[in-house]
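> Structure file my_file34.cif (mmCIF, C-alpha atoms) right here:
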data_model
loop_
_atom_site.label_atom_id
_atom_site.label_comp_id
_atom_site.auth_asym_id
_atom_site.auth_seq_id
_atom_site.Cartn_x
_atom_site.Cartn_y
_atom_site.Cartn_z
CA MET P 1 -136.92 127.75 142.13
CA THR P 2 -135.63 124.80 144.18
CA TRP P 3 -134.56 121.57 142.54
CA THR P 4 -137.77 119.91 143.80
CA GLU P 5 -139.93 122.65 142.28
CA ALA P 6 -138.03 122.37 139.00
CA THR P 7 -138.52 118.61 138.75
CA THR P 8 -142.17 118.87 139.79
CA SER P 9 -142.80 121.46 137.11
CA TYR P 10 -140.91 119.39 134.52
CA ALA P 11 -142.82 116.28 135.58
CA SER P 12 -146.21 117.98 135.17
CA ALA P 13 -145.20 119.28 131.74
CA VAL P 14 -144.26 115.71 130.80
CA THR P 15 -147.49 114.38 132.29
CA SER P 16 -149.72 116.72 130.33
CA ASP P 17 -147.71 115.97 127.21
CA ARG P 18 -147.60 112.24 127.79
CA PRO P 19 -150.39 110.92 125.52
CA ARG P 20 -149.01 112.76 122.48
CA ARG P 21 -145.48 111.59 123.27
CA ARG P 22 -146.67 108.04 123.67
CA ALA P 23 -148.45 108.18 120.31
CA ASP P 24 -145.30 109.61 118.69
CA ALA P 25 -143.20 106.83 120.21
CA ARG P 26 -145.61 104.18 118.97
CA ARG P 27 -145.57 105.67 115.47
CA SER P 28 -141.75 105.76 115.48
CA ILE P 29 -141.52 102.16 116.67
CA GLU P 30 -143.95 100.99 113.99
CA ALA P 31 -142.08 102.94 111.28
CA ILE P 32 -138.74 101.49 112.41
CA LEU P 33 -140.04 97.92 112.54
CA ALA P 34 -141.70 98.25 109.12
CA ALA P 35 -138.57 99.76 107.54
CA THR P 36 -136.35 97.10 109.11
CA ARG P 37 -138.58 94.28 107.90
CA ASP P 38 -138.58 95.83 104.44
CA LEU P 39 -134.78 96.15 104.41
CA LEU P 40 -134.37 92.61 105.79
CA SER P 41 -136.58 91.28 103.01
CA LYS P 42 -133.79 92.30 100.64
CA GLY P 43 -131.47 89.83 102.36
CA SER P 44 -129.23 91.84 104.67
CA LEU P 45 -129.46 94.55 107.27
CA PRO P 46 -127.78 97.90 106.48
CA PRO P 47 -126.21 100.11 109.19
CA MET P 48 -128.42 101.69 111.85
CA SER P 49 -128.09 105.12 110.17
CA ALA P 50 -129.61 103.76 106.94
CA ILE P 51 -132.44 102.15 108.94
CA ALA P 52 -133.18 105.51 110.60
CA THR P 53 -133.31 107.20 107.17
CA ALA P 54 -135.60 104.51 105.73
CA ALA P 55 -137.91 104.79 108.75
CA GLY P 56 -137.94 108.60 108.58
CA VAL P 57 -136.70 109.01 112.15
CA GLY P 58 -133.52 110.46 113.63
CA ARG P 59 -130.69 108.24 114.82
CA VAL P 60 -131.29 109.39 118.41
CA THR P 61 -134.92 108.22 118.19
CA LEU P 62 -133.85 104.91 116.63
CA TYR P 63 -131.33 104.22 119.40
CA ALA P 64 -133.79 105.38 122.07
CA HIS P 65 -136.14 102.56 121.06
CA PHE P 66 -133.65 99.94 119.88
CA ALA P 67 -130.25 100.06 121.54
CA SER P 68 -128.54 97.82 118.95
CA ARG P 69 -129.03 95.93 115.68
CA GLU P 70 -129.49 92.79 117.70
CA VAL P 71 -132.33 94.29 119.76
CA LEU P 72 -133.95 95.57 116.57
CA ILE P 73 -133.76 92.22 114.76
CA GLU P 74 -135.06 90.49 117.88
CA ALA P 75 -138.05 92.86 117.86
CA VAL P 76 -138.76 92.14 114.18
CA VAL P 77 -138.62 88.39 114.79
CA GLN P 78 -140.79 88.73 117.90
CA ARG P 79 -143.40 90.62 115.89
CA LEU P 80 -143.34 87.98 113.12
CA MET P 81 -143.72 85.18 115.64
CA ALA P 82 -146.67 86.98 117.28
CA GLU P 83 -148.28 87.20 113.83
CA THR P 84 -147.59 83.49 113.28
CA ASP P 85 -149.10 82.65 116.67
CA HIS P 86 -152.17 84.72 115.75
CA ALA P 87 -152.48 83.06 112.31
CA LEU P 88 -152.21 79.56 113.81
CA SER P 89 -154.73 80.40 116.57
CA GLY P 90 -157.17 81.51 113.86
CA LEU P 91 -157.04 78.17 112.02
CA GLY P 92 -159.41 76.44 114.44
CA LEU P 93 -157.24 73.32 114.29
CA ASP P 94 -159.11 71.64 117.16
CA ALA P 95 -162.06 70.85 114.91
CA ASP P 96 -160.09 68.74 112.38
CA PRO P 97 -158.70 65.20 112.66
CA ALA P 98 -154.99 65.36 113.60
CA GLU P 99 -153.55 64.65 110.11
CA VAL P 100 -155.79 67.24 108.44
CA ALA P 101 -155.00 69.79 111.15
CA LEU P 102 -151.27 69.08 110.79
CA THR P 103 -151.40 69.64 107.06
CA ARG P 104 -153.16 72.99 107.55
CA LEU P 105 -150.74 74.02 110.29
CA VAL P 106 -147.75 73.19 108.04
CA ARG P 107 -149.25 75.09 105.07
CA THR P 108 -149.76 78.25 107.14
CA SER P 109 -146.41 78.00 108.92
CA TRP P 110 -144.59 77.42 105.65
CA SER P 111 -146.31 80.29 103.90
CA ILE P 112 -145.15 82.69 106.66
CA LEU P 113 -141.65 81.20 106.92
CA ASP P 114 -141.18 81.17 103.14
CA ARG P 115 -142.28 84.82 102.84
CA HIS P 116 -139.74 85.84 105.49
CA ARG P 117 -136.85 83.54 104.63
CA THR P 118 -134.40 86.45 104.40
CA VAL P 119 -135.40 87.70 107.87
CA ARG P 120 -134.66 84.22 109.16
CA THR P 121 -131.21 84.16 107.48
CA VAL P 122 -130.18 87.50 109.01
CA ALA P 123 -131.69 86.57 112.40
CA MET P 124 -129.81 83.24 112.36
CA ALA P 125 -126.52 85.05 111.75
CA GLU P 126 -127.14 87.92 114.21
CA LEU P 127 -128.99 86.17 117.05
CA GLY P 128 -127.72 82.60 116.66
CA PRO P 129 -129.76 79.40 116.23
CA GLU P 130 -130.53 78.97 119.96
CA ALA P 131 -132.04 82.44 120.44
CA LEU P 132 -133.96 82.09 117.19
CA ARG P 133 -135.35 78.73 118.24
CA HIS P 134 -136.42 80.26 121.56
CA GLN P 135 -138.32 83.01 119.68
CA HIS P 136 -140.40 80.25 118.07
CA ASP P 137 -141.62 78.83 121.39
CA ARG P 138 -145.03 80.50 121.23
CA ALA P 139 -145.75 79.27 117.70
CA PHE P 140 -144.47 75.81 118.59
CA ARG P 141 -146.99 75.45 121.38
CA HIS P 142 -149.56 74.94 118.58
CA VAL P 143 -147.44 72.08 117.21
CA GLU P 144 -147.09 70.55 120.65
CA THR P 145 -150.83 70.77 121.38
CA LEU P 146 -151.67 69.21 118.03
CA ILE P 147 -149.15 66.37 118.40
CA ALA P 148 -150.48 65.66 121.90
CA ARG P 149 -154.05 65.51 120.60
CA GLY P 150 -153.01 63.23 117.72
CA GLN P 151 -151.19 60.95 120.14
CA ASP P 152 -154.25 60.76 122.42
CA ALA P 153 -156.49 59.95 119.43
CA GLY P 154 -154.12 57.22 118.16
CA ASP P 155 -153.39 59.19 114.97
CA PHE P 156 -149.77 59.94 115.89
CA ARG P 157 -147.09 57.66 117.28
CA ILE P 158 -146.47 57.36 121.02
CA ASP P 159 -143.21 55.38 120.81
CA LEU P 160 -141.13 58.59 120.62
CA PRO P 161 -140.99 61.42 123.19
CA ARG P 162 -143.29 64.34 122.38
CA ASP P 163 -140.46 66.87 122.90
CA TRP P 164 -138.44 64.98 120.32
CA LEU P 165 -141.26 65.06 117.77
CA VAL P 166 -141.70 68.82 118.29
CA ALA P 167 -137.95 69.41 117.99
CA THR P 168 -137.65 67.40 114.75
CA PHE P 169 -140.76 69.17 113.40
CA TYR P 170 -138.96 72.50 113.91
CA ALA P 171 -135.73 71.17 112.39
CA ILE P 172 -137.45 69.77 109.30
CA LEU P 173 -139.50 72.95 108.76
CA HIS P 174 -136.35 75.04 108.86
CA THR P 175 -134.45 72.56 106.66
CA ALA P 176 -137.06 73.28 103.99
CA ALA P 177 -136.20 77.00 104.23
CA ASP P 178 -132.48 76.13 103.95
CA GLU P 179 -133.11 74.00 100.87
CA VAL P 180 -135.13 76.73 99.15
CA ASP P 181 -132.42 79.28 100.10
CA ALA P 182 -129.80 77.01 98.54
CA GLY P 183 -131.87 76.67 95.35
CA ARG P 184 -132.21 72.88 95.72
CA LEU P 185 -136.02 73.01 96.04
CA ASP P 186 -138.66 75.49 94.96
CA SER P 187 -141.21 76.65 97.47
CA PRO P 188 -144.20 74.44 96.40
CA ALA P 189 -141.97 71.33 96.24
CA ALA P 190 -140.64 72.18 99.69
CA LEU P 191 -144.18 72.36 101.07
CA ASP P 192 -145.05 68.95 99.57
CA ALA P 193 -141.85 67.41 100.91
CA LEU P 194 -142.54 68.92 104.34
CA ILE P 195 -146.06 67.51 104.61
CA THR P 196 -145.04 64.05 103.36
CA THR P 197 -141.98 63.88 105.63
CA LEU P 198 -143.71 65.14 108.76
CA LEU P 199 -146.67 62.76 108.34
CA SER P 200 -144.29 59.81 107.79
CA MET P 201 -142.49 60.76 110.96
CA LEU P 202 -145.62 61.22 113.06
CA ARG P 203 -147.77 58.25 111.96
CA PRO P 204 -147.80 55.26 114.30
CA PRO P 205 -145.53 52.41 113.20
CA GLU P 206 -148.33 49.79 113.45
CA GLY P 207 -148.58 47.49 110.48
CA ARG P 208 -144.86 47.91 109.84
CA PRO P 209 -142.50 44.94 109.85
CA MET J 1 -73.00 90.90 99.90
CA THR J 2 -75.68 91.92 97.39
CA TRP J 3 -79.36 91.44 98.13
CA THR J 4 -79.42 88.49 95.70
CA GLU J 5 -76.46 86.82 97.46
CA ALA J 6 -78.11 87.38 100.82
CA THR J 7 -81.41 85.80 99.78
CA THR J 8 -79.62 82.92 98.04
CA SER J 9 -77.59 82.20 101.14
CA TYR J 10 -80.72 82.42 103.32
CA ALA J 11 -82.60 80.18 100.90
CA SER J 12 -79.92 77.47 100.95
CA ALA J 13 -79.83 77.60 104.75
CA VAL J 14 -83.59 77.10 104.73
CA THR J 15 -83.32 74.30 102.15
CA SER J 16 -80.76 72.29 104.11
CA ASP J 17 -82.80 72.85 107.24
CA ARG J 18 -86.15 72.10 105.64
CA PRO J 19 -86.88 68.52 106.75
CA ARG J 20 -86.31 69.34 110.40
CA ARG J 21 -88.36 72.55 110.13
CA ARG J 22 -91.16 70.66 108.45
CA ALA J 23 -91.19 68.06 111.22
CA ASP J 24 -91.21 70.84 113.84
CA ALA J 25 -94.13 72.54 112.08
CA ARG J 26 -96.06 69.27 111.93
CA ARG J 27 -95.46 68.67 115.63
CA SER J 28 -96.60 72.20 116.50
CA ILE J 29 -99.73 71.86 114.38
CA GLU J 30 -100.61 68.53 115.99
CA ALA J 31 -99.99 69.92 119.49
CA ILE J 32 -102.14 72.98 118.75
CA LEU J 33 -105.01 70.92 117.29
CA ALA J 34 -104.91 68.45 120.19
CA ALA J 35 -104.86 71.25 122.79
CA THR J 36 -107.69 73.10 121.04
CA ARG J 37 -109.83 69.98 120.86
CA ASP J 38 -109.16 69.33 124.52
CA LEU J 39 -110.09 72.90 125.48
CA LEU J 40 -113.18 72.81 123.23
CA SER J 41 -114.32 69.61 124.92
CA LYS J 42 -114.77 71.73 128.07
CA GLY J 43 -117.41 73.74 126.23
CA SER J 44 -115.78 77.02 125.20
CA LEU J 45 -112.65 78.26 123.52
CA PRO J 46 -110.27 80.39 125.63
CA PRO J 47 -108.15 83.21 124.10
CA MET J 48 -105.41 82.36 121.61
CA SER J 49 -102.72 83.02 124.27
CA ALA J 50 -104.20 80.31 126.53
CA ILE J 51 -104.33 77.91 123.57
CA ALA J 52 -100.63 78.56 122.86
CA THR J 53 -99.79 77.84 126.51
CA ALA J 54 -101.83 74.63 126.56
CA ALA J 55 -100.17 73.48 123.31
CA GLY J 56 -96.71 74.36 124.59
CA VAL J 57 -95.95 76.67 121.66
CA GLY J 58 -95.31 80.41 121.43
CA ARG J 59 -98.02 82.81 120.29
CA VAL J 60 -95.97 83.61 117.16
CA THR J 61 -95.92 79.91 116.21
CA LEU J 62 -99.66 79.59 116.92
CA TYR J 63 -100.51 82.57 114.70
CA ALA J 64 -98.08 81.40 112.01
CA HIS J 65 -100.13 78.21 111.59
CA PHE J 66 -103.61 79.52 112.48
CA ALA J 67 -104.21 83.18 111.73
CA SER J 68 -107.39 83.41 113.85
CA ARG J 69 -109.67 81.50 116.24
CA GLU J 70 -111.98 80.90 113.31
CA VAL J 71 -109.25 79.28 111.21
CA LEU J 72 -108.25 77.15 114.18
CA ILE J 73 -111.78 75.95 114.93
CA GLU J 74 -112.28 75.24 111.23
CA ALA J 75 -109.14 73.08 111.28
CA VAL J 76 -110.38 71.14 114.33
CA VAL J 77 -113.75 70.52 112.68
CA GLN J 78 -112.05 69.53 109.42
CA ARG J 79 -109.91 66.99 111.27
CA LEU J 80 -112.96 65.57 113.08
CA MET J 81 -114.87 65.27 109.82
CA ALA J 82 -111.92 63.50 108.18
CA GLU J 83 -111.95 61.04 111.11
CA THR J 84 -115.70 60.58 110.67
CA ASP J 85 -115.26 59.99 106.94
CA HIS J 86 -112.55 57.41 107.74
CA ALA J 87 -114.74 55.68 110.37
CA LEU J 88 -117.72 55.50 108.00
CA SER J 89 -115.53 54.21 105.15
CA GLY J 90 -114.33 51.43 107.44
CA LEU J 91 -117.84 50.16 108.19
CA GLY J 92 -118.16 48.27 104.90
CA LEU J 93 -121.75 49.45 104.59
CA ASP J 94 -122.08 48.16 101.03
CA ALA J 95 -122.36 44.58 102.22
CA ASP J 96 -125.48 45.13 104.37
CA PRO J 97 -129.12 45.60 103.38
CA ALA J 98 -129.97 49.33 103.37
CA GLU J 99 -131.83 49.45 106.71
CA VAL J 100 -129.11 47.53 108.54
CA ALA J 101 -126.42 49.71 106.93
CA LEU J 102 -128.33 52.86 107.88
CA THR J 103 -128.60 51.77 111.49
CA ARG J 104 -124.85 51.12 111.65
CA LEU J 105 -124.08 54.42 109.95
CA VAL J 106 -126.28 56.29 112.45
CA ARG J 107 -124.70 54.49 115.43
CA THR J 108 -121.17 55.42 114.34
CA SER J 109 -122.09 59.00 113.35
CA TRP J 110 -123.92 59.56 116.62
CA SER J 111 -121.10 58.16 118.72
CA ILE J 112 -118.67 60.65 117.10
CA LEU J 113 -121.10 63.58 117.20
CA ASP J 114 -122.11 62.88 120.80
CA ARG J 115 -118.46 62.69 121.92
CA HIS J 116 -117.75 66.07 120.32
CA ARG J 117 -120.99 67.91 121.07
CA THR J 118 -119.15 70.81 122.69
CA VAL J 119 -116.92 71.24 119.61
CA ARG J 120 -120.09 71.45 117.55
CA THR J 121 -121.62 74.10 119.86
CA VAL J 122 -118.54 76.34 119.65
CA ALA J 123 -118.18 75.74 115.89
CA MET J 124 -121.85 76.62 115.36
CA ALA J 125 -121.38 79.94 117.18
CA GLU J 126 -117.99 80.80 115.62
CA LEU J 127 -118.39 79.51 112.05
CA GLY J 128 -122.17 79.69 111.62
CA PRO J 129 -124.55 76.88 110.63
CA GLU J 130 -123.88 77.16 106.87
CA ALA J 131 -120.10 76.79 107.11
CA LEU J 132 -120.51 73.97 109.61
CA ARG J 133 -122.93 72.17 107.34
CA HIS J 134 -120.46 72.53 104.46
CA GLN J 135 -117.73 70.93 106.59
CA HIS J 136 -119.95 67.83 106.83
CA ASP J 137 -120.13 67.34 103.05
CA ARG J 138 -117.52 64.57 102.95
CA ALA J 139 -119.19 62.55 105.70
CA PHE J 140 -122.59 63.11 104.13
CA ARG J 141 -121.51 61.53 100.88
CA HIS J 142 -121.77 58.21 102.77
CA VAL J 143 -125.38 59.03 103.67
CA GLU J 144 -126.16 60.00 100.09
CA THR J 145 -124.60 56.84 98.67
CA LEU J 146 -126.50 54.68 101.12
CA ILE J 147 -129.83 56.40 100.48
CA ALA J 148 -129.30 56.05 96.72
CA ARG J 149 -128.58 52.33 97.11
CA GLY J 150 -131.64 51.86 99.34
CA GLN J 151 -133.80 53.68 96.81
CA ASP J 152 -132.50 51.50 93.97
CA ALA J 153 -133.19 48.35 96.00
CA GLY J 154 -136.73 49.47 96.89
CA ASP J 155 -135.85 49.68 100.61
CA PHE J 156 -136.12 53.48 100.78
CA ARG J 157 -138.78 55.80 99.38
CA ILE J 158 -138.42 57.40 95.97
CA ASP J 159 -141.33 59.87 96.28
CA LEU J 160 -139.09 62.52 97.88
CA PRO J 161 -135.97 64.12 96.35
CA ARG J 162 -132.71 62.47 97.48
CA ASP J 163 -131.18 65.87 98.37
CA TRP J 164 -134.13 66.50 100.65
CA LEU J 165 -133.71 63.15 102.41
CA VAL J 166 -129.99 63.83 102.96
CA ALA J 167 -130.72 67.36 104.24
CA THR J 168 -133.38 66.16 106.72
CA PHE J 169 -131.05 63.35 107.80
CA TYR J 170 -128.44 65.98 108.71
CA ALA J 171 -131.04 68.17 110.45
CA ILE J 172 -132.45 65.30 112.53
CA LEU J 173 -128.98 64.05 113.52
CA HIS J 174 -128.05 67.51 114.76
CA THR J 175 -131.42 67.98 116.47
CA ALA J 176 -130.51 64.95 118.58
CA ALA J 177 -127.31 66.74 119.65
CA ASP J 178 -129.35 69.88 120.48
CA GLU J 179 -131.80 67.85 122.56
CA VAL J 180 -129.01 66.15 124.53
CA ASP J 181 -127.32 69.56 125.00
CA ALA J 182 -130.60 70.96 126.36
CA GLY J 183 -130.95 68.01 128.75
CA ARG J 184 -134.24 66.85 127.22
CA LEU J 185 -132.83 63.47 126.09
CA ASP J 186 -129.96 61.33 127.27
CA SER J 187 -127.51 60.02 124.73
CA PRO J 188 -128.82 56.40 124.41
CA ALA J 189 -132.44 57.63 124.12
CA ALA J 190 -131.32 60.11 121.46
CA LEU J 191 -129.72 57.29 119.46
CA ASP J 192 -132.91 55.20 119.64
CA ALA J 193 -135.07 58.19 118.63
CA LEU J 194 -132.70 58.92 115.75
CA ILE J 195 -132.81 55.42 114.31
CA THR J 196 -136.60 55.14 114.66
CA THR J 197 -137.24 58.58 113.18
CA LEU J 198 -134.83 58.23 110.27
CA LEU J 199 -136.17 54.80 109.30
CA SER J 200 -139.78 56.09 109.46
CA MET J 201 -138.78 58.94 107.19
CA LEU J 202 -136.89 56.76 104.69
CA ARG J 203 -139.18 53.73 104.34
CA PRO J 204 -141.42 53.66 101.28
CA PRO J 205 -145.02 54.74 101.97
CA GLU J 206 -146.47 51.53 100.41
CA GLY J 207 -149.22 49.91 102.41
CA ARG J 208 -150.16 53.28 103.90
CA PRO J 209 -153.63 54.78 103.47
#
What do you get writing this file as structure tokens?

Amino acid sequence: MTWTEATTSYASAVTSDRPRRRADARRSIEAILAATRDLLSKGSLPPMSAIATAAGVGRVTLYAHFASREVLIEAVVQRLMAETDHALSGLGLDADPAEVALTRLVRTSWSILDRHRTVRTVAMAELGPEALRHQHDRAFRHVETLIARGQDAGDFRIDLPRDWLVATFYAILHTAADEVDAGRLDSPAALDALITTLLSMLRPPEGRP
Amino acid sequence: MTWTEATTSYASAVTSDRPRRRADARRSIEAILAATRDLLSKGSLPPMSAIATAAGVGRVTLYAHFASREVLIEAVVQRLMAETDHALSGLGLDADPAEVALTRLVRTSWSILDRHRTVRTVAMAELGPEALRHQHDRAFRHVETLIARGQDAGDFRIDLPRDWLVATFYAILHTAADEVDAGRLDSPAALDALITTLLSMLRPPEGRP
């Protein structure tokens, strides 16, 4: 058998086997992500070997899909942000006046962020604040769209740049998570403080001295 | 010579020599901190050997005073925060109405933060956001005192916890640095946005629907 014949034969074996292998890979990836999220929810990420055990896969399989802890945490965050994006898309915010829509957006965002505060803490330490902020871009497009609509309708202020309002929105949302982490606020009080603070920041300054 | 005699003789040599050695150590420490700050102002921190060269001290001396990059960066941040504390203490904020005092406090804080944005970026990456936030405690006592006074005088809102207001103040101040770093705002626009945003957040909600 020549080298070409050998590779052709190997390739066809792989081809015929491909759907099953793809399904196996998908199952492994899902098991790894679920196990990692579960472990992260306890506040820290154990070594890769412990993640493999928890996911019921071998270390070789784990490393084949996720080359490092960083890649794995990034994938968990990416998945969470896709879920957040999906949840926010499902709110039908366009139908509500801007302040009502903002309140609903903050409630949903906070409920997801609060549930995954420990993931955020580990991701902040492992990926850094800049990379973590970048992961939020997709979810923050909902904030930007809503602020733009509120500005057009005269419900939100136009004397500050929109980018600035979006950036402070993100900062204040994540400050609430910090404050709950530090035990200075409980989760319902943090949500109230968030809504009050964000509305104060976004309302137009008319009628003010 | 017994061991005791040897140590006694060494100790008395050290004692007689102590003032000069202390002065040398102080000079080395100042040179190292100044060189590190200078290097940090260029946006990243080179290896310890390059810091020693820039400071004009040997590597042994550098490591004797600062056991690691982390310890060194912490010392630079600590020094900067002591300077900030000193600058804020010198403003005589107590004499002004709360809003005027807040505006002056923000101007001074921003001018220091903006000048040392690159130090902050490196410190954030090397020390982490929690440790960096902790380093700001002394400077943030001025913010807390001022907010408390404004609340007592009816100039600032009392419907949100004071800790929360201080925490969001910190978050918004540092968001301005992020936005200037990212090129989305220039420094004077960031200062304006800061003052407007912080006052909107702190004013009482009276007269609002």
> I need the residue set behind the PyMOL selection byres ((chain J) within 10 of (chain P)) for this file; please write it as a VMD selection string.
chain J and resid 124 to 130 159 to 161 163 to 165 167 to 176 178 to 179 184 to 185 189 to 190 192 to 194 196 to 205 207 to 208
> The PyMOL selection byres ((chain P and resi 35) around 12) on the file shown: which residues, as a ChimeraX atom specification?
/P:28-34,36-42,45-46,48,50-57,62,72-73,76
> If chain J is superposed onto chain P by least squares using every Cα atom in order, what is the RMSD, in Å to one decimal?
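C-alpha RMSD after least-squares superposition: 0.2 Å.
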> Work out how far atom CA of Val122 of chain J is from atom CA of Asp85 of chain J, in Å to one decimal.
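Atom CA of Val122 of chain J lies 21.0 Å from atom CA of Asp85 of chain J.
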> Could you tell me which of J:Thr118, J:Thr103, J:Gln135, J:Ser111 comes closest to Ala75 of chain J if we count only C-alpha atoms?
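Of the candidates, the smallest distance to Ala75 of chain J is held by J:Gln135.
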> So which residues touch Pro97 of chain P within 10 Å, counting all atoms listed in the file, skipping near sequence neighbours fewer than 5 positions away, as a list of chain:residue names?
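Returned residues: P:Leu102, P:Leu146, P:Arg149, P:Gly150, P:Ala153, P:Asp155.
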> Using atom CA of Leu132 of chain P and atom CA of Pro47 of chain P as the two end points, give the distance in Å to one decimal.
21.2 Å
> Which residue out of P:Glu144, P:Asp152, P:Asp114, P:Glu74 has the minimum interatomic distance to Leu191 of chain P when all atoms listed in the file are used?
P:Asp114
> Quote the spacing between atom CA of Arg138 of chain J and atom CA of Ala82 of chain J in Å to one decimal place.
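Between atom CA of Arg138 of chain J and atom CA of Ala82 of chain J the gap is 7.7 Å.
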> Counting all atoms listed in the file, which of J:Ser49, J:Thr61, J:Ser109, J:Ser68 gets nearest to His86 of chain J?
J:Ser109
> List the residues matched by the PyMOL selection byres ((chain P and resi 94) around 12) in the displayed structure as a PDB file with C-alpha atoms, in the coordinates of the input, ordered by chain and then by residue number.

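This is the output file selection_17.pdb:
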ATOM      1  CA  LEU P  88    -152.210  79.560 113.810  1.00  0.00           C
ATOM      2  CA  SER P  89    -154.730  80.400 116.570  1.00  0.00           C
ATOM      3  CA  GLY P  90    -157.170  81.510 113.860  1.00  0.00           C
ATOM      4  CA  LEU P  91    -157.040  78.170 112.020  1.00  0.00           C
ATOM      5  CA  GLY P  92    -159.410  76.440 114.440  1.00  0.00           C
ATOM      6  CA  LEU P  93    -157.240  73.320 114.290  1.00  0.00           C
ATOM      7  CA  ALA P  95    -162.060  70.850 114.910  1.00  0.00           C
ATOM      8  CA  ASP P  96    -160.090  68.740 112.380  1.00  0.00           C
ATOM      9  CA  PRO P  97    -158.700  65.200 112.660  1.00  0.00           C
ATOM     10  CA  ALA P  98    -154.990  65.360 113.600  1.00  0.00           C
ATOM     11  CA  GLU P  99    -153.550  64.650 110.110  1.00  0.00           C
ATOM     12  CA  VAL P 100    -155.790  67.240 108.440  1.00  0.00           C
ATOM     13  CA  ALA P 101    -155.000  69.790 111.150  1.00  0.00           C
ATOM     14  CA  LEU P 102    -151.270  69.080 110.790  1.00  0.00           C
ATOM     15  CA  ARG P 104    -153.160  72.990 107.550  1.00  0.00           C
ATOM     16  CA  LEU P 105    -150.740  74.020 110.290  1.00  0.00           C
ATOM     17  CA  HIS P 142    -149.560  74.940 118.580  1.00  0.00           C
ATOM     18  CA  VAL P 143    -147.440  72.080 117.210  1.00  0.00           C
ATOM     19  CA  THR P 145    -150.830  70.770 121.380  1.00  0.00           C
ATOM     20  CA  LEU P 146    -151.670  69.210 118.030  1.00  0.00           C
ATOM     21  CA  ILE P 147    -149.150  66.370 118.400  1.00  0.00           C
ATOM     22  CA  ALA P 148    -150.480  65.660 121.900  1.00  0.00           C
ATOM     23  CA  ARG P 149    -154.050  65.510 120.600  1.00  0.00           C
ATOM     24  CA  GLY P 150    -153.010  63.230 117.720  1.00  0.00           C
TER      25      GLY P 150
END
